[in-house]
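Source file: start.txt; contents: compact mmCIF, C-alpha atoms.
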# COMPACT_ATOMS: atom_id res chain seq x y z
CA MET S 52 83.61 135.85 89.04
CA GLU S 53 84.98 133.22 91.43
CA GLU S 54 88.57 134.01 92.39
CA LEU S 55 91.03 131.37 91.34
CA SER S 56 94.75 131.19 91.98
CA GLU S 57 97.11 131.52 89.02
CA LYS S 58 98.01 127.86 89.46
CA GLN S 59 94.36 126.84 89.23
CA LYS S 60 93.98 129.01 86.13
CA LEU S 61 96.91 127.26 84.50
CA LEU S 62 95.32 123.91 85.33
CA ILE S 63 92.03 124.99 83.75
CA ALA S 64 93.88 126.28 80.67
CA LEU S 65 95.55 122.88 80.31
CA LEU S 66 92.24 121.02 80.55
CA GLU S 67 90.76 123.45 78.00
CA ALA S 68 93.62 122.61 75.62
CA ALA S 69 92.83 118.92 76.07
CA GLY S 70 89.16 119.58 75.34
CA ASN S 71 90.01 121.34 72.07
CA SER S 72 92.52 118.79 70.82
CA GLN S 73 91.96 116.05 68.26
CA ALA S 74 92.75 113.47 70.95
CA THR S 75 90.52 112.59 73.89
CA PRO S 76 89.41 115.54 76.09
CA LEU S 77 90.00 113.39 79.16
CA LEU S 78 93.33 113.69 80.95
CA ASP S 79 94.50 111.27 83.61
CA PRO S 80 96.20 112.62 86.75
CA ILE S 81 99.68 111.54 85.68
CA ARG S 82 99.40 113.34 82.33
CA ILE S 83 98.03 116.43 84.12
CA MET S 84 100.90 116.21 86.61
CA LYS S 85 103.58 115.84 83.93
CA ALA S 86 102.11 118.58 81.71
CA LEU S 87 101.94 121.05 84.61
CA PHE S 88 105.47 120.09 85.61
CA ILE S 89 106.81 120.81 82.11
CA LEU S 90 104.88 124.08 81.94
CA CYS S 91 106.10 125.19 85.36
CA LYS S 92 109.67 124.36 84.43
CA LYS S 93 109.73 125.72 80.89
CA ILE S 94 107.53 128.83 80.81
CA PRO S 95 109.72 131.94 81.12
CA GLU S 96 109.16 134.11 84.18
CA ASN S 97 107.78 137.04 82.23
CA TYR S 98 104.69 134.93 81.51
CA ILE S 99 104.11 133.41 84.95
CA SER S 100 105.89 134.41 88.14
CA ASN S 101 107.74 131.78 90.14
CA GLU S 102 105.34 131.96 93.10
CA ASP S 103 102.45 131.17 90.76
CA ARG S 104 103.95 127.84 89.70
CA TYR S 105 103.34 124.44 91.26
CA GLN S 106 106.27 123.12 93.27
CA PHE S 107 107.29 119.55 92.46
CA LYS S 108 109.36 116.93 94.20
CA PRO S 109 110.72 113.58 92.95
CA TYR S 110 108.35 110.72 93.69
CA LEU S 111 107.38 107.27 92.45
CA TYR S 112 106.35 108.37 88.94
CA GLY S 113 108.81 111.27 88.79
CA PRO S 114 107.80 114.88 89.49
CA TYR S 115 104.88 115.12 91.88
CA SER S 116 102.97 117.96 93.52
CA SER S 117 100.20 117.31 96.03
CA GLU S 118 98.92 120.82 95.24
CA VAL S 119 97.81 119.56 91.82
CA TYR S 120 95.56 116.93 93.41
CA ASP S 121 94.30 119.51 95.92
CA ASP S 122 93.44 121.93 93.13
CA LEU S 123 91.72 119.24 91.06
CA ALA S 124 89.56 118.47 94.09
CA ILE S 125 88.81 122.17 94.68
CA LEU S 126 87.97 122.77 91.02
CA GLU S 127 85.77 119.68 90.94
CA LYS S 128 83.94 120.84 94.04
CA SER S 129 83.48 124.31 92.52
CA GLY S 130 81.96 122.77 89.41
CA PHE S 131 84.73 123.70 86.95
CA VAL S 132 86.10 120.21 86.54
CA THR S 133 84.45 116.83 86.27
CA ARG S 134 85.97 113.48 87.05
CA THR S 135 85.19 110.43 84.91
CA THR S 136 85.85 106.85 85.87
CA LEU S 137 86.17 104.29 83.11
CA GLN S 138 85.27 100.66 83.71
CA TRP S 139 88.18 98.48 84.86
CA ARG S 140 90.49 101.47 85.27
CA ASN S 141 91.80 102.20 88.75
CA TRP S 142 92.36 105.87 87.99
CA SER S 143 90.07 108.77 87.10
CA TYR S 144 90.13 111.14 84.13
CA TYR S 145 89.52 114.87 84.32
CA SER S 146 87.90 117.33 81.92
CA LEU S 147 86.21 120.73 82.10
CA THR S 148 82.50 121.21 82.71
CA LYS S 149 80.50 123.85 80.79
CA LYS S 150 81.20 126.22 83.67
CA GLY S 151 84.88 125.29 83.46
CA ARG S 152 85.04 125.97 79.72
CA GLU S 153 83.44 129.40 80.24
CA LYS S 154 86.04 130.13 82.89
CA ALA S 155 88.80 128.90 80.57
CA GLU S 156 87.66 131.36 77.92
CA GLN S 157 88.04 134.22 80.41
CA ILE S 158 91.44 132.94 81.54
CA LEU S 159 92.83 132.53 78.03
CA LYS S 160 91.87 136.14 77.20
CA THR S 161 94.30 137.24 79.92
CA TYR S 162 97.14 135.00 78.61
CA GLN S 163 99.53 136.09 75.89
CA ASN S 164 99.09 134.19 72.68
CA GLU S 165 102.51 132.49 72.98
CA LEU S 166 101.58 131.12 76.38
CA SER S 167 98.25 129.72 75.16
CA GLU S 168 99.99 128.09 72.21
CA TYR S 169 102.65 126.59 74.44
CA ILE S 170 100.04 125.12 76.80
CA LYS S 171 98.40 123.53 73.74
CA SER S 172 101.71 122.07 72.56
CA ILE S 173 102.49 120.57 75.97
CA CYS S 174 98.98 119.16 76.19
CA ASN S 175 99.50 117.67 72.74
CA PHE S 176 102.80 116.20 73.93
CA VAL S 177 101.27 114.38 76.91
CA GLN S 178 98.20 113.27 74.98
CA ARG S 179 100.00 111.82 71.98
CA ASN S 180 102.84 110.11 73.78
CA ASP S 181 102.19 106.89 75.59
CA PHE S 182 102.75 106.73 79.31
CA ALA S 183 106.20 105.12 79.14
CA SER S 184 107.42 107.66 76.56
CA ILE S 185 106.25 110.60 78.66
CA LEU S 186 108.11 109.28 81.69
CA GLU S 187 111.25 108.53 79.69
CA LYS S 188 111.30 111.99 78.09
CA VAL S 189 110.59 113.82 81.34
CA TYR S 190 113.28 111.83 83.15
CA LYS S 191 115.76 112.50 80.37
CA ALA S 192 115.10 116.25 80.47
CA PHE S 193 114.90 116.46 84.28
CA PRO S 194 116.90 113.53 85.68
CA GLU S 195 116.86 114.93 89.22
CA TYR S 196 113.11 114.21 89.33
CA ALA S 197 113.64 110.51 88.53
CA ALA S 198 115.50 109.84 91.77
CA GLU S 199 112.57 108.12 93.54
CA SER S 200 110.90 106.68 90.48
CA VAL S 201 109.81 103.06 90.27
CA PHE S 202 110.41 103.38 86.52
CA THR S 203 114.03 104.58 86.70
CA LYS S 204 115.81 101.27 86.33
CA ARG S 205 114.06 100.46 83.07
CA THR S 206 114.85 103.80 81.49
CA ALA S 207 118.42 104.15 82.67
CA MET W 19 89.22 81.20 101.83
CA THR W 20 92.74 82.13 101.06
CA LEU W 21 95.40 82.87 98.51
CA ILE W 22 99.03 82.16 99.32
CA ILE W 23 101.74 82.14 96.68
CA GLY W 24 105.43 81.31 96.70
CA ILE W 25 107.90 82.39 94.02
CA LEU W 26 111.41 81.03 93.78
CA CYS W 27 113.99 83.53 92.50
CA SER W 28 117.68 83.35 91.75
CA ASP W 29 118.45 85.37 94.89
CA GLY W 30 115.73 84.19 97.27
CA ILE W 31 112.08 83.26 97.69
CA VAL W 32 109.02 85.50 98.05
CA MET W 33 105.84 84.35 99.80
CA ALA W 34 102.67 86.46 99.87
CA SER W 35 99.12 86.04 101.14
CA ASP W 36 95.83 87.83 101.57
CA SER W 37 94.42 88.35 105.08
CA ALA W 38 90.88 86.98 105.09
CA SER W 39 89.94 84.29 107.54
CA THR W 40 86.49 83.19 106.42
CA ASP W 41 83.78 81.51 108.47
CA LEU W 42 81.60 79.83 105.84
CA ASP W 43 78.95 78.95 108.42
CA THR W 44 78.18 82.55 109.28
CA GLY W 45 79.48 84.12 106.08
CA THR W 46 81.81 86.39 108.03
CA LYS W 47 85.46 87.10 107.65
CA GLN W 48 88.09 88.20 110.12
CA PRO W 49 91.50 89.68 109.44
CA SER W 50 94.35 87.24 109.80
CA ASP W 51 98.05 87.95 109.59
CA GLN W 52 98.91 84.36 110.46
CA LYS W 53 98.63 82.82 107.01
CA ILE W 54 102.37 83.20 106.58
CA VAL W 55 104.66 82.51 109.52
CA PRO W 56 108.44 82.92 109.47
CA TYR W 57 110.70 80.40 111.22
CA PRO W 58 114.09 82.15 111.46
CA GLN W 59 115.77 79.25 113.29
CA GLN W 60 114.89 76.82 110.54
CA HIS W 61 115.50 79.39 107.75
CA MET W 62 112.05 78.80 106.32
CA ILE W 63 108.64 80.40 105.82
CA PHE W 64 105.33 78.59 106.26
CA GLY W 65 102.06 79.33 104.49
CA GLY W 66 98.86 77.49 105.38
CA SER W 67 95.40 77.33 103.84
CA GLY W 68 92.47 75.46 105.34
CA ASP W 69 91.28 74.91 108.89
CA VAL W 70 92.81 77.51 111.19
CA GLY W 71 93.02 75.19 114.21
CA LEU W 72 94.78 72.47 112.26
CA ILE W 73 97.19 74.99 110.76
CA GLN W 74 97.95 76.31 114.26
CA LYS W 75 98.90 72.81 115.41
CA ILE W 76 101.19 72.35 112.42
CA GLN W 77 102.74 75.77 113.02
CA ASP W 78 103.40 74.97 116.69
CA ARG W 79 105.22 71.78 115.77
CA LEU W 80 107.23 73.40 112.99
CA GLY W 81 108.64 75.85 115.53
CA LYS W 82 110.16 72.95 117.46
CA LEU W 83 111.64 71.23 114.42
CA PRO W 84 115.46 71.23 114.46
CA TYR W 85 117.26 72.69 111.43
CA GLN W 86 118.23 69.93 109.07
CA LYS W 87 120.96 70.35 106.43
CA ASP W 88 120.03 67.36 104.31
CA PRO W 89 117.15 68.34 101.97
CA ASN W 90 115.76 64.82 101.55
CA LYS W 91 115.73 64.14 105.29
CA PHE W 92 114.24 67.57 105.97
CA ARG W 93 111.48 67.02 103.41
CA LYS W 94 110.66 63.65 105.01
CA GLU W 95 110.57 65.18 108.48
CA LEU W 96 108.26 67.93 107.31
CA LYS W 97 106.01 65.41 105.60
CA ASN W 98 105.87 63.18 108.66
CA LEU W 99 105.02 66.10 110.89
CA ILE W 100 102.25 67.41 108.63
CA CYS W 101 100.85 63.94 107.91
CA GLU W 102 100.67 63.15 111.63
CA GLU W 103 98.55 66.23 112.18
CA LEU W 104 96.37 65.48 109.14
CA LYS W 105 95.84 61.90 110.36
CA GLU W 106 95.03 63.10 113.87
CA SER W 107 92.55 65.59 112.45
CA ASN W 108 90.96 62.83 110.38
CA LYS W 109 90.88 60.39 113.30
CA LEU W 110 89.23 62.78 115.74
CA HIS W 111 86.72 64.19 113.32
CA VAL W 112 83.05 63.76 114.27
CA PRO W 113 81.03 63.95 111.05
CA TYR W 114 78.02 66.20 111.31
CA PRO W 115 75.34 66.10 108.61
CA SER W 116 75.84 69.63 107.35
CA GLN W 117 78.02 71.08 104.64
CA SER W 118 81.53 72.04 105.82
CA TYR W 119 81.10 69.89 108.95
CA ASN W 120 80.68 66.50 107.28
CA SER W 121 84.32 66.08 106.33
CA PRO W 122 87.46 66.37 108.46
CA PRO W 123 89.36 69.67 108.72
CA ILE W 124 92.04 70.02 106.06
CA ALA W 125 95.26 71.95 105.67
CA ILE W 126 97.32 72.69 102.57
CA CYS W 127 100.77 74.00 103.34
CA ILE W 128 103.65 75.69 101.58
CA LEU W 129 107.12 75.58 103.08
CA ALA W 130 109.87 77.66 101.51
CA GLY W 131 113.44 78.07 102.57
CA PHE W 132 117.10 77.44 102.06
CA LEU W 133 119.20 74.52 103.13
CA GLU W 134 122.93 74.29 102.54
CA GLU W 135 122.31 72.49 99.25
CA GLY W 136 119.88 75.07 97.92
CA PRO W 137 116.31 76.32 98.03
CA PHE W 138 113.09 74.40 98.51
CA LEU W 139 109.52 75.38 97.75
CA LEU W 140 107.36 72.53 98.98
CA GLU W 141 103.62 72.09 98.84
CA PHE W 142 101.89 69.57 101.11
CA GLU W 143 98.41 68.75 99.91
CA ARG W 144 95.42 67.86 102.11
CA ASP W 145 96.21 64.14 101.70
CA GLY W 146 99.86 64.62 102.59
CA ARG W 147 101.30 64.33 99.09
CA ASP W 148 104.25 66.63 98.65
CA THR W 149 105.62 68.45 95.62
CA ASP W 150 108.77 70.54 95.29
CA TYR W 151 107.84 73.52 93.13
CA GLY W 152 111.42 74.72 93.42
CA ARG W 153 112.25 72.38 90.55
CA LYS W 154 112.98 74.22 87.31
CA GLU W 155 110.46 72.24 85.27
CA LEU W 156 107.64 73.46 87.54
CA GLY W 157 108.58 77.11 87.09
CA GLY W 158 109.42 77.89 90.71
CA PHE W 159 105.86 78.96 91.47
CA VAL W 160 103.20 77.58 93.80
CA ALA W 161 99.75 78.82 94.81
CA ILE W 162 97.25 77.43 97.31
CA GLY W 163 93.77 78.37 98.50
CA SER W 164 90.57 79.45 96.81
CA GLY W 165 92.40 82.17 94.86
CA LYS W 166 94.71 79.63 93.21
CA PRO W 167 93.10 79.77 89.71
CA TRP W 168 93.59 83.54 89.53
CA ALA W 169 97.17 83.25 90.70
CA LEU W 170 97.98 80.57 88.12
CA ALA W 171 96.45 82.65 85.34
CA LEU W 172 98.15 85.88 86.40
CA PHE W 173 101.55 84.28 86.83
CA ARG W 174 101.42 82.31 83.58
CA PRO W 175 103.37 84.84 81.45
CA HIS W 176 106.19 84.81 84.02
CA LEU W 177 106.41 81.09 84.66
CA SER W 178 109.44 80.33 82.52
CA ASN W 179 111.39 83.51 83.37
CA THR W 180 114.48 83.70 85.52
CA ARG W 181 113.61 86.26 88.16
CA MET W 182 115.03 88.24 91.05
CA VAL W 183 113.35 88.85 94.42
CA GLN W 184 112.69 92.52 93.61
CA GLU W 185 110.73 91.56 90.51
CA ALA W 186 108.94 88.72 92.29
CA LYS W 187 107.76 91.12 94.99
CA VAL W 188 106.05 93.26 92.34
CA ILE W 189 104.53 90.20 90.63
CA SER W 190 103.35 88.84 94.00
CA TYR W 191 101.77 92.12 94.96
CA ARG W 192 99.94 92.34 91.66
CA ILE W 193 98.70 88.75 91.80
CA LEU W 194 97.37 89.27 95.32
CA SER W 195 95.82 92.68 94.69
CA ASP W 196 94.17 91.61 91.42
CA ALA W 197 92.88 88.37 92.94
CA ILE W 198 91.48 90.27 95.94
CA ALA W 199 89.82 92.79 93.61
CA LEU W 200 88.27 90.03 91.48
CA ALA W 201 87.12 87.71 94.27
CA SER W 202 83.48 88.17 95.18
CA TYR W 203 84.25 87.01 98.70
CA GLY W 204 86.85 85.21 100.77
CA LEU W 205 89.99 87.20 99.91
CA ALA W 206 90.87 90.46 101.62
CA GLU W 207 93.52 93.12 102.14
CA PRO W 208 96.05 93.68 103.59
CA ILE W 209 98.61 91.75 101.60
CA ASN W 210 101.24 90.08 103.75
CA MET W 211 104.61 89.36 102.25
CA PHE W 212 107.85 87.76 103.39
CA CYS W 213 111.16 87.14 101.65
CA ILE W 214 113.94 84.75 102.42
CA ASN W 215 117.29 85.41 100.80
CA ASN W 216 119.69 82.72 99.58
CA LYS W 217 121.51 82.83 102.92
CA GLY W 218 118.29 81.93 104.72
CA LYS W 219 117.63 85.37 106.22
CA ILE W 220 113.93 86.20 106.47
CA SER W 221 112.49 89.69 106.11
CA LYS W 222 108.93 91.00 106.28
CA ILE W 223 107.80 93.52 103.67
CA GLU W 224 106.62 96.55 105.62
CA ASN W 225 103.93 99.08 104.70
CA ASP W 226 106.27 101.67 103.15
CA GLU W 227 107.58 99.13 100.69
CA LYS W 228 104.09 97.80 100.05
CA HIS W 229 103.02 101.32 99.09
CA ILE W 230 105.81 101.42 96.52
CA LEU W 231 104.88 97.96 95.26
CA ASN W 232 101.30 99.11 94.89
CA GLN W 233 102.38 102.13 92.84
CA THR W 234 104.67 99.96 90.73
CA CYS W 235 101.78 97.60 90.00
CA GLU W 236 99.63 100.55 88.99
CA LEU W 237 102.36 101.67 86.61
CA TRP W 238 102.63 98.13 85.27
CA ARG W 239 98.88 97.95 84.58
CA ARG W 240 99.01 101.24 82.69
CA LEU W 241 102.04 100.29 80.66
CA GLU W 242 100.49 96.92 79.84
CA SER W 243 97.25 98.50 78.72
CA GLU W 244 98.87 101.25 76.66
CA THR W 245 101.49 98.99 75.12
CA LEU W 246 98.88 96.53 73.91
CA SER W 247 96.62 99.29 72.57
CA LYS W 248 99.56 100.88 70.78
CA ALA W 249 100.75 97.58 69.34
CA LEU W 250 97.34 96.54 68.05
CA THR W 251 95.94 99.88 66.93
CA PRO W 252 98.82 102.16 65.89
CA ASN W 253 97.61 105.70 65.36
CA THR W 254 99.14 106.66 62.05
CA GLU W 255 97.10 109.80 61.50
CA LEU W 256 98.28 111.84 64.46
CA SER W 257 101.91 112.85 64.74
CA ILE W 258 103.57 111.92 68.01
CA PRO W 259 105.77 114.67 69.49
CA GLU W 260 109.21 113.17 69.88
CA ASN W 261 110.60 115.58 72.46
CA ILE W 262 109.25 117.95 75.04
CA PRO W 263 108.50 121.15 73.11
CA ASP W 264 110.16 124.42 74.11
CA MET W 265 108.28 127.67 74.14
CA GLU W 266 110.66 129.10 71.55
CA SER W 267 109.97 126.30 69.08
CA THR W 268 106.23 126.70 69.63
CA LYS W 269 106.46 130.42 68.84
CA LYS W 270 108.36 129.72 65.59
CA SER W 271 105.88 127.12 64.43
Give the structure from the file, written as structure tokens.
Amino acid sequence: MEELSEKQKLLIALLEAAGNSQATPLLDPIRIMKALFILCKKIPENYISNEDRYQFKPYLYGPYSSEVYDDLAILEKSGFVTRTTLQWRNWSYYSLTKKGREKAEQILKTYQNELSEYIKSICNFVQRNDFASILEKVYKAFPEYAAESVFTKRTA
Amino acid sequence: MTLIIGILCSDGIVMASDSASTDLDTGTKQPSDQKIVPYPQQHMIFGGSGDVGLIQKIQDRLGKLPYQKDPNKFRKELKNLICEELKESNKLHVPYPSQSYNSPPIAICILAGFLEEGPFLLEFERDGRDTDYGRKELGGFVAIGSGKPWALALFRPHLSNTRMVQEAKVISYRILSDAIALASYGLAEPINMFCINNKGKISKIENDEKHILNQTCELWRRLESETLSKALTPNTELSIPENIPDMESTKKS
């Protein structure tokens, strides 16, 4: 079994939730970023320790962590994650490969049921809301992360 | 091949260009950051499309032009200067029987700035005819060069809006980046951008700000795409979570 960090496991669990939802299994980097941010902020410490959470800073679209992009690249290289480019879109979408889904199954067995359900609900939140709504709701809940945002003026 | 645009705003003027200098004869392109030139003494910005040598001559003469407060006199002086160079170019041209050498070099220029009486956004065509796009009825927008059709199409939804420099910078960046992405040849990064405020002070948009403009444009494209999709195909079957769920509420449900 390839050793993954707890952060990478959380990322895989999120992509697994996207794959099992009624919406598209593909998540764009901003939805991944915002979902992981919410999870890292809202999951109580008895489920995931603080050192196993991504660290975020305010940036142009709100909370940002370069570690998330690093881990997506690592997981893609390891064959757990695949990146899809849609025509005329400047950004990529991520989903799990077969190997990634098998890994997700192992990871979810180690998670408490409440945690798995919460990951699904946050995934549902970022999938069902449009981009502007996600940013508005994240900025409203965590205004300190909107400080550098290019979107701030419109939502204030 | 070029795209240069000028946008008049209530608090200044924005001018932006691509950076490709194309040699049609050899099919090569070289980077050029000289498509837009600021003239701080005259409180104006120049943008030129066409023959590089001819544009250089016009630029050299513009640098020596004294600042003129009267807009009509200033416009005439600019026209005289540009027309003299166009005539000279025409007079000295030696026609050669090959495409792009059989007609005299041309230049199309934009001059934007502020005089005491207000802003100007002038275009001087290859035959010397001049138009002030700073007039309200023309929307305060001008584009020159091979990328002009894209710029006109992309700016169309914003033509009748009152706008501020900050907004015009974003629009300019998007017009240039989309036109560069769509052009099969002749337009290239980097995007150069200058602003002149309503006191006549000129500033260059540096790379840090361009990075932010790029990200803002990316956000704009996404919002545009999602807003239209949502408006035309509302998803009534799936419930949309209103607020960020808490773990407690998830447990209860």
(Q) With 9 Å as the limit and counting all atoms listed in the file, what residues in chain W lie close to chain S? Please list them as a list in words. (A)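 Residues of chain W within 9 Å of chain S, counting all atoms listed in the file: Ile230, Leu231, Gln233, Thr234, Glu236, Leu237, Arg240, Leu241, Glu244, Thr245, Lys248, Leu256, Ser257, Ile258, Pro259, Glu260, Asn261, Ile262, Pro263, Asp264, Met265, Glu266, Thr268 and Lys269 of chain W.
Closest approach to Ala64 (chain S) among S:Asp103, S:Glu187, S:Glu153, S:Asp121 is made by S:Glu153 (distances from only C-alpha atoms).
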Q | Between CA of Met19 (chain W) and CA of Leu194 (chain W) - distance in Å to one decimal | A | 13.2 Å
Q: Show me as a PyMOL selection string the residues that reach within 7 Å of (116.9, 78.2, 100.1), counting only C-alpha atoms and using the file's own coordinates.
A: chain W and resi 30+131-133+136-138+216+218
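One distance worth recording is that between CA of Ala171 (chain W) and CA of Ile223 (chain W), which is 24.1 Å.
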Q.
Please compute the CA of Gly65 (chain W)-CA of Ile22 (chain W) distance, one decimal, in Å.
A.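 Value for the CA of Gly65 (chain W)-CA of Ile22 (chain W) distance: 6.6 Å.
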Q: Tell me which of S:Ile99, S:Gln163, S:Lys149, S:Leu87 sits closest to Ser116 (chain S), counting all atoms listed in the file.
A: S:Leu87
Q.
Residues near Phe107 (chain S), anyone? I mean within 9 Å using all atoms listed in the file, not counting same-chain ones fewer than 2 positions away, as JSON, numbers by chain.
A. {"S": [88, 105, 109, 110, 114, 115, 116, 117, 118, 196]}
Using only C-alpha atoms, I'd like a table of the residues in region 143-205 of chain W that come within 8 Å of region 102-122 of chain W; for each, show the closest atom pair and its distance in Å rounded to one decimal, ordered by chain and ascending number, as a tab-separated table.
residue	atom	partner	partner_atom	distance
W:Arg144	CA	W:Leu104	CA	7.5
W:Asp145	CA	W:Leu104	CA	7.6
W:Gly146	CA	W:Leu104	CA	7.5
(Q) Using all atoms listed in the file, which protein or nucleic acid residues come within 9 Å of Ile220 (chain W)? Drop anything in the same chain fewer than 3 positions from it, and give the result as a PyMOL selection string. (A) chain W and resi 56-58+61-63+212-215
Q) Given the choices W:Gly165, W:Thr180, W:Ile128, W:Glu185, which gets closest to Ser202 (chain W) if the distance is worked out from all atoms listed in the file? A)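 The closest residue to Ser202 (chain W) is W:Gly165.
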Would you kindly return, as a PDB file with C-alpha atoms, in the coordinates of the input, each protein, DNA or RNA residue with an atom no farther than 12 Å from any atom of Glu67 (chain S), considering only C-alpha atoms and excluding same-chain residues fewer than 4 positions away?
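So the final result, stored in selection.pdb, reads:
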ATOM      1  CA  LYS S  60      93.980 129.010  86.130  1.00  0.00           C
ATOM      2  CA  LEU S  61      96.910 127.260  84.500  1.00  0.00           C
ATOM      3  CA  LEU S  62      95.320 123.910  85.330  1.00  0.00           C
ATOM      4  CA  ILE S  63      92.030 124.990  83.750  1.00  0.00           C
ATOM      5  CA  ASN S  71      90.010 121.340  72.070  1.00  0.00           C
ATOM      6  CA  SER S  72      92.520 118.790  70.820  1.00  0.00           C
ATOM      7  CA  THR S  75      90.520 112.590  73.890  1.00  0.00           C
ATOM      8  CA  PRO S  76      89.410 115.540  76.090  1.00  0.00           C
ATOM      9  CA  LEU S  77      90.000 113.390  79.160  1.00  0.00           C
ATOM     10  CA  LEU S  78      93.330 113.690  80.950  1.00  0.00           C
ATOM     11  CA  ILE S  83      98.030 116.430  84.120  1.00  0.00           C
ATOM     12  CA  PHE S 131      84.730 123.700  86.950  1.00  0.00           C
ATOM     13  CA  VAL S 132      86.100 120.210  86.540  1.00  0.00           C
ATOM     14  CA  TYR S 145      89.520 114.870  84.320  1.00  0.00           C
ATOM     15  CA  SER S 146      87.900 117.330  81.920  1.00  0.00           C
ATOM     16  CA  LEU S 147      86.210 120.730  82.100  1.00  0.00           C
ATOM     17  CA  THR S 148      82.500 121.210  82.710  1.00  0.00           C
ATOM     18  CA  LYS S 149      80.500 123.850  80.790  1.00  0.00           C
ATOM     19  CA  LYS S 150      81.200 126.220  83.670  1.00  0.00           C
ATOM     20  CA  GLY S 151      84.880 125.290  83.460  1.00  0.00           C
ATOM     21  CA  ARG S 152      85.040 125.970  79.720  1.00  0.00           C
ATOM     22  CA  GLU S 153      83.440 129.400  80.240  1.00  0.00           C
ATOM     23  CA  LYS S 154      86.040 130.130  82.890  1.00  0.00           C
ATOM     24  CA  ALA S 155      88.800 128.900  80.570  1.00  0.00           C
ATOM     25  CA  GLU S 156      87.660 131.360  77.920  1.00  0.00           C
ATOM     26  CA  GLN S 157      88.040 134.220  80.410  1.00  0.00           C
ATOM     27  CA  ILE S 158      91.440 132.940  81.540  1.00  0.00           C
ATOM     28  CA  LEU S 159      92.830 132.530  78.030  1.00  0.00           C
ATOM     29  CA  SER S 167      98.250 129.720  75.160  1.00  0.00           C
ATOM     30  CA  GLU S 168      99.990 128.090  72.210  1.00  0.00           C
ATOM     31  CA  ILE S 170     100.040 125.120  76.800  1.00  0.00           C
ATOM     32  CA  LYS S 171      98.400 123.530  73.740  1.00  0.00           C
ATOM     33  CA  CYS S 174      98.980 119.160  76.190  1.00  0.00           C
ATOM     34  CA  ASN S 175      99.500 117.670  72.740  1.00  0.00           C
TER      35      ASN S 175
END
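In terms of minimum interatomic distance to Arg104 (chain S), S:Ser56 ranks closest within S:Gly130, S:Ser56, S:Glu195, S:Lys160, counting only C-alpha atoms.
For the residues S:Ala69, S:Met84, S:Cys91, S:Leu137, ranking by smallest atom-to-atom distance to Val119 (chain S) using all atoms listed in the file places S:Met84 first.
Of the residues listed (W:Leu83, W:Ala186, W:Ala169, W:Leu129), W:Ala186 shows the shortest atom-to-atom separation from Leu26 (chain W); distances use all atoms listed in the file.
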